[in-house]
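Undergrad: Shown below is the structure under consideration.
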Amino acid sequence: MQIIAHRGASGDYPENTLLAIEQAIAQGADAIEIDVFAVQDELIVIHDHHLARTTNGSGSIYQYTLAELLQLNAGQGQRIPTLWQVLAVVQGKCWLNIELKGDDTVAPLLALLDKARQQLGFDCQQLLISSFNHHLLADIKLKRPTLKLGALTASLPIDYAAFASALQAYSVNCDVSFINQAFVDDAKARGLQVFVYTVDQTDDINRLKNYGVDGIFCNFPARSRAVL
Ligand code: G3P
Ligand code: MG
């Protein structure tokens with residue numbers, strides 16, 4: 001079962017910062033999950049569109065210029081990273097799950113990935129693009145069919161993982177609160193990877209391993225690795 005560091009090693013370091021990402025890599029995470037919003041055609045790495053929980057700013061990201069946002073303190077002196085900075089940090093080290101927040105992320109994401117491929121030689125097969133907004137995923141599938149997609153769900157759908165098959169997703173990314181053996185069996189029969197968030201408790205880790213889940217999103221990657 002793979003360990004995906006949720007917002008980096010966010011249990012011990014400020015979430016969605018380069019420090020949390022570097023520490024997750026140092027802890028041996030197989031992958032990093034980050035959340036991105038689009039601001040002025042740039043993708044920035046932050047979970048909430050309100051700034052107060054994770055930075056010394058206040059109000060919404062949409063009230064500020066990109067330059068202003070990049071000056072904020074995101075904890076321990078860290079800045080809000082850009083997706084470009086994260087790609088440079090993870091390249092060749094582990095795979096990366098980019099979770100799209102907001103509804104205007106697809107065009108800037110595809111432009112950035114094209115640039116990363118050309119300028120950094122970035123291998124986009126190292127990426128999993130996920131969202132709770134399945135319309136964005138369908139749009140990406142049309143425009144860049146080879147990108148891997150993760151269909152997020154916070155529920156246990158009545159027809160299990162059928163929605164992820166319809167999106168031609170690579171994985172279905174599920175809430176630990178709802179997942180059960182029947183869902184995992186259905187997803188695996190469809191050829192989908194199953195990733196589960198957010199998993200930090202030993203009993204959950206063991207239960208998901210027994211279900212045959214492929215990966216877990218963890219706030220404490222080293223601790224989860226030790227349990228496994
Ligand atoms: O991608 C898994 C998980 O991060 C989804 O929920 O709210 O933590 O972005 P959230
Ligand atoms: Mg997320």
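Residue numbering restarts at 1 for every chain of the structure tokens, chains are lettered A, B, ... in their displayed order, and ligands are numbered from 1 as they appear.
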As number ranges by chain, please: all residues of stretch 86-190 of chain A that backbone DSSP puts in strand (DSSP E or B).

TA: A: 95-100, 127-131, 148-153, 171-175

Undergrad: So which residues touch A:Phe195 within 7 Å, counting only C-alpha atoms, skipping near sequence neighbours fewer than 3 positions away, as an mmCIF file with C-alpha atoms, in the first residue's frame?

TA:
```
data_model
loop_
_atom_site.group_PDB
_atom_site.id
_atom_site.type_symbol
_atom_site.label_atom_id
_atom_site.label_comp_id
_atom_site.auth_asym_id
_atom_site.auth_seq_id
_atom_site.Cartn_x
_atom_site.Cartn_y
_atom_site.Cartn_z
ATOM 1 C CA SER A 171 -7.989 5.988 -9.618
ATOM 2 C CA VAL A 172 -10.923 6.575 -7.368
ATOM 3 C CA ASN A 173 -9.997 8.646 -4.310
ATOM 4 C CA CYS A 174 -12.386 7.975 -1.428
ATOM 5 C CA VAL A 213 -6.567 -0.514 -1.064
ATOM 6 C CA ASP A 214 -3.648 0.749 -3.196
ATOM 7 C CA GLY A 215 -2.701 3.896 -1.293
ATOM 8 C CA ILE A 216 -3.576 6.105 1.662
#
```

Undergrad: Residues up to 7 Å from ligand 1, counting only C-alpha atoms and all ligand atoms: could you list those as a list in words?

TA: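 Counting only C-alpha atoms and all ligand atoms, the residues within 7 Å of ligand 1 come out as His6, Glu33, Asp35, His47, Glu99, Ser130, Leu152, Asn173, Tyr197, Thr198 and Phe217 of chain A.
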
Undergrad: Would you mind exporting the chosen residues as a compact mmCIF listing (two decimals), in the first residue's frame, restricted to all heavy atoms?

TA:
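Dumped to again_17.txt:
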```
# COMPACT_ATOMS: atom_id res chain seq x y z
N HIS A 6 -0.34 13.76 2.64
CA HIS A 6 -1.51 14.63 2.46
C HIS A 6 -1.13 16.08 2.76
O HIS A 6 -0.83 16.41 3.90
CB HIS A 6 -2.61 14.15 3.40
CG HIS A 6 -3.90 14.88 3.29
ND1 HIS A 6 -4.46 15.55 4.35
CD2 HIS A 6 -4.75 15.05 2.24
CE1 HIS A 6 -5.61 16.09 3.97
NE2 HIS A 6 -5.80 15.81 2.69
N GLU A 33 0.44 14.75 -2.04
CA GLU A 33 -0.83 15.36 -2.50
C GLU A 33 -0.80 16.83 -2.13
O GLU A 33 -0.40 17.19 -1.01
CB GLU A 33 -2.01 14.67 -1.82
CG GLU A 33 -3.38 15.14 -2.33
CD GLU A 33 -4.09 16.16 -1.44
OE1 GLU A 33 -3.50 16.62 -0.43
OE2 GLU A 33 -5.23 16.52 -1.76
N ASP A 35 -3.05 20.79 -2.93
CA ASP A 35 -4.29 21.42 -3.43
C ASP A 35 -3.89 22.70 -4.15
O ASP A 35 -3.02 23.43 -3.68
CB ASP A 35 -5.18 21.78 -2.24
CG ASP A 35 -5.40 20.59 -1.32
OD1 ASP A 35 -6.17 19.70 -1.69
OD2 ASP A 35 -4.74 20.54 -0.25
N HIS A 47 -5.00 25.05 0.38
CA HIS A 47 -6.23 24.24 0.46
C HIS A 47 -7.50 25.07 0.46
O HIS A 47 -8.50 24.70 -0.16
CB HIS A 47 -6.20 23.34 1.69
CG HIS A 47 -7.40 22.47 1.84
ND1 HIS A 47 -8.56 22.89 2.47
CD2 HIS A 47 -7.65 21.21 1.40
CE1 HIS A 47 -9.45 21.92 2.42
NE2 HIS A 47 -8.92 20.89 1.78
N GLU A 99 -4.54 18.19 -6.63
CA GLU A 99 -5.99 18.27 -6.47
C GLU A 99 -6.46 19.67 -6.86
O GLU A 99 -6.01 20.66 -6.28
CB GLU A 99 -6.41 17.95 -5.02
CG GLU A 99 -7.93 17.95 -4.92
CD GLU A 99 -8.47 17.86 -3.50
OE1 GLU A 99 -7.76 17.43 -2.59
OE2 GLU A 99 -9.64 18.25 -3.34
N SER A 130 -6.53 15.23 -9.66
CA SER A 130 -7.80 14.84 -9.04
C SER A 130 -8.65 16.07 -8.75
O SER A 130 -8.15 17.20 -8.69
CB SER A 130 -7.56 14.05 -7.74
OG SER A 130 -6.94 14.88 -6.78
N LEU A 152 -12.39 12.01 -7.25
CA LEU A 152 -12.61 12.11 -5.79
C LEU A 152 -14.08 11.94 -5.45
O LEU A 152 -14.96 12.42 -6.17
CB LEU A 152 -12.14 13.48 -5.31
CG LEU A 152 -10.68 13.58 -4.85
CD1 LEU A 152 -10.23 15.04 -4.86
CD2 LEU A 152 -10.48 12.98 -3.48
N ASN A 173 -10.58 8.16 -5.56
CA ASN A 173 -10.00 8.65 -4.31
C ASN A 173 -11.13 8.89 -3.32
O ASN A 173 -11.96 9.78 -3.53
CB ASN A 173 -9.20 9.94 -4.56
CG ASN A 173 -8.07 9.75 -5.57
OD1 ASN A 173 -7.94 8.69 -6.16
ND2 ASN A 173 -7.27 10.78 -5.75
N TYR A 197 -8.47 8.83 1.68
CA TYR A 197 -8.06 9.95 2.54
C TYR A 197 -8.98 10.03 3.75
O TYR A 197 -10.12 9.57 3.65
CB TYR A 197 -8.13 11.28 1.76
CG TYR A 197 -9.52 11.68 1.35
CD1 TYR A 197 -10.33 12.47 2.18
CD2 TYR A 197 -10.06 11.25 0.13
CE1 TYR A 197 -11.62 12.83 1.79
CE2 TYR A 197 -11.34 11.61 -0.25
CZ TYR A 197 -12.12 12.39 0.59
OH TYR A 197 -13.39 12.75 0.21
N THR A 198 -8.61 10.66 4.82
CA THR A 198 -7.26 10.90 5.29
C THR A 198 -7.04 9.92 6.42
O THR A 198 -7.88 9.82 7.32
CB THR A 198 -7.12 12.35 5.80
OG1 THR A 198 -7.54 13.25 4.77
CG2 THR A 198 -5.69 12.68 6.21
N PHE A 217 -3.78 8.49 1.91
CA PHE A 217 -3.32 9.86 2.13
C PHE A 217 -3.12 10.03 3.63
O PHE A 217 -4.08 9.86 4.41
CB PHE A 217 -4.37 10.86 1.64
CG PHE A 217 -4.63 10.80 0.16
CD1 PHE A 217 -5.60 9.97 -0.36
CD2 PHE A 217 -3.90 11.60 -0.72
CE1 PHE A 217 -5.86 9.92 -1.73
CE2 PHE A 217 -4.14 11.56 -2.09
CZ PHE A 217 -5.12 10.72 -2.59
```

Undergrad: Identify, on the basis of only C-alpha atoms, every residue whose closest approach to stretch 136-142 of chain A does not exceed 8 Å; exclude the query and any residue fewer than 2 positions from it along the same chain; express the result as a CSV table (one decimal) with N, CA and C atoms, in the first residue's frame.

TA:
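Writing done, so here's result.csv:
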```csv
chain,number,residue,atom,x,y,z
A,103,ASP,N,-12.8,26.4,-9.9
A,103,ASP,CA,-13.4,25.9,-11.2
A,103,ASP,C,-12.7,26.4,-12.4
A,106,VAL,N,-8.2,24.4,-15.2
A,106,VAL,CA,-7.8,23.5,-16.2
A,106,VAL,C,-6.9,24.2,-17.3
A,129,ILE,N,-4.0,13.8,-11.5
A,129,ILE,CA,-4.8,15.1,-11.4
A,129,ILE,C,-6.2,14.7,-10.8
A,130,SER,N,-6.5,15.2,-9.7
A,130,SER,CA,-7.8,14.8,-9.0
A,130,SER,C,-8.7,16.1,-8.7
A,131,SER,N,-9.9,15.8,-8.6
A,131,SER,CA,-10.9,16.9,-8.2
A,131,SER,C,-12.2,16.3,-7.7
A,133,ASN,N,-14.6,18.1,-8.5
A,133,ASN,CA,-15.4,18.6,-9.6
A,133,ASN,C,-15.1,17.8,-10.8
A,134,HIS,N,-16.0,16.8,-11.1
A,134,HIS,CA,-15.8,15.8,-12.1
A,134,HIS,C,-15.9,16.4,-13.5
A,144,ARG,N,-6.3,16.3,-22.8
A,144,ARG,CA,-5.0,15.6,-22.6
A,144,ARG,C,-5.3,14.2,-22.1
A,145,PRO,N,-5.7,13.3,-23.1
A,145,PRO,CA,-6.2,12.0,-22.7
A,145,PRO,C,-5.2,11.1,-21.9
A,146,THR,N,-3.9,11.4,-22.0
A,146,THR,CA,-2.9,10.5,-21.4
A,146,THR,C,-2.6,10.9,-19.9
A,147,LEU,N,-3.1,12.1,-19.5
A,147,LEU,CA,-2.9,12.4,-18.1
A,147,LEU,C,-3.8,11.5,-17.2
A,149,LEU,N,-6.1,10.5,-14.1
A,149,LEU,CA,-7.1,11.3,-13.4
A,149,LEU,C,-7.5,10.5,-12.1
A,151,ALA,N,-10.6,10.4,-9.5
A,151,ALA,CA,-12.0,10.9,-9.3
A,151,ALA,C,-12.3,10.8,-7.8
A,167,LEU,N,-15.5,8.4,-16.2
A,167,LEU,CA,-14.5,9.5,-16.4
A,167,LEU,C,-13.2,8.9,-17.0
A,168,GLN,N,-13.1,7.6,-17.2
A,168,GLN,CA,-11.9,6.9,-17.6
A,168,GLN,C,-10.7,7.3,-16.7
```

Undergrad: Which residue, A:Leu156, A:Val90, A:Leu72, A:Leu83, has the smallest gap to A:Asp41 when you use only C-alpha atoms?

TA: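 Between A:Leu156, A:Val90, A:Leu72, A:Leu83, the residue approaching A:Asp41 most closely is A:Leu83.
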
Undergrad: If you count only C-alpha atoms, which residues fall within 9 Å of A:Thr82, apart from same-chain ones fewer than 3 positions away, as a list in words?

TA: Val36, Glu42, Leu43, Ile44, Val45, Leu70, Gln85, Val86 and Leu87 of chain A

Undergrad: A:Pro221: which residues within 7 Å, counting only C-alpha atoms, same-chain residues fewer than 6 positions away excluded, as a VMD selection string?

TA: chain A and resid 3 5 9 24 27 29

Undergrad: Include N, CA and C atoms and write out the residues we just selected as an mmCIF file, in the first residue's frame.

TA:
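Saved the output as result33.cif:
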```cif
data_model
loop_
_atom_site.group_PDB
_atom_site.id
_atom_site.type_symbol
_atom_site.label_atom_id
_atom_site.label_comp_id
_atom_site.auth_asym_id
_atom_site.auth_seq_id
_atom_site.Cartn_x
_atom_site.Cartn_y
_atom_site.Cartn_z
ATOM 1 N N ILE A 3 2.091 5.185 0.388
ATOM 2 C CA ILE A 3 1.884 6.290 1.330
ATOM 3 C C ILE A 3 1.916 7.591 0.527
ATOM 4 N N ALA A 5 1.612 11.550 0.965
ATOM 5 C CA ALA A 5 1.668 12.570 2.026
ATOM 6 C C ALA A 5 0.615 13.644 1.741
ATOM 7 N N ALA A 9 4.016 16.525 4.513
ATOM 8 C CA ALA A 9 4.012 15.947 5.869
ATOM 9 C C ALA A 9 3.330 16.956 6.786
ATOM 10 N N ALA A 24 8.245 15.284 3.610
ATOM 11 C CA ALA A 24 7.540 14.057 3.214
ATOM 12 C C ALA A 24 8.440 13.188 2.335
ATOM 13 N N GLN A 27 10.887 11.534 4.484
ATOM 14 C CA GLN A 27 10.269 10.457 5.268
ATOM 15 C C GLN A 27 9.930 9.233 4.417
ATOM 16 N N ALA A 29 7.881 9.095 1.640
ATOM 17 C CA ALA A 29 6.546 9.021 1.035
ATOM 18 C C ALA A 29 6.678 8.583 -0.432
#
```

Undergrad: Please report the interatomic distance between atom CA of A:Ile158 and atom CA of A:Lys209 in Å with one decimal.

TA: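 A separation of 23.4 Å between them.
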
Undergrad: Write out as number ranges by chain the set of residues from stretch 5-215 of chain A that DSSP, computed on the backbone, places in helix (DSSP H, G or I).

TA: A: 18-26, 61-63, 66-69, 83-90, 106-120, 124-126, 134-143, 162-166, 181-189, 202-211
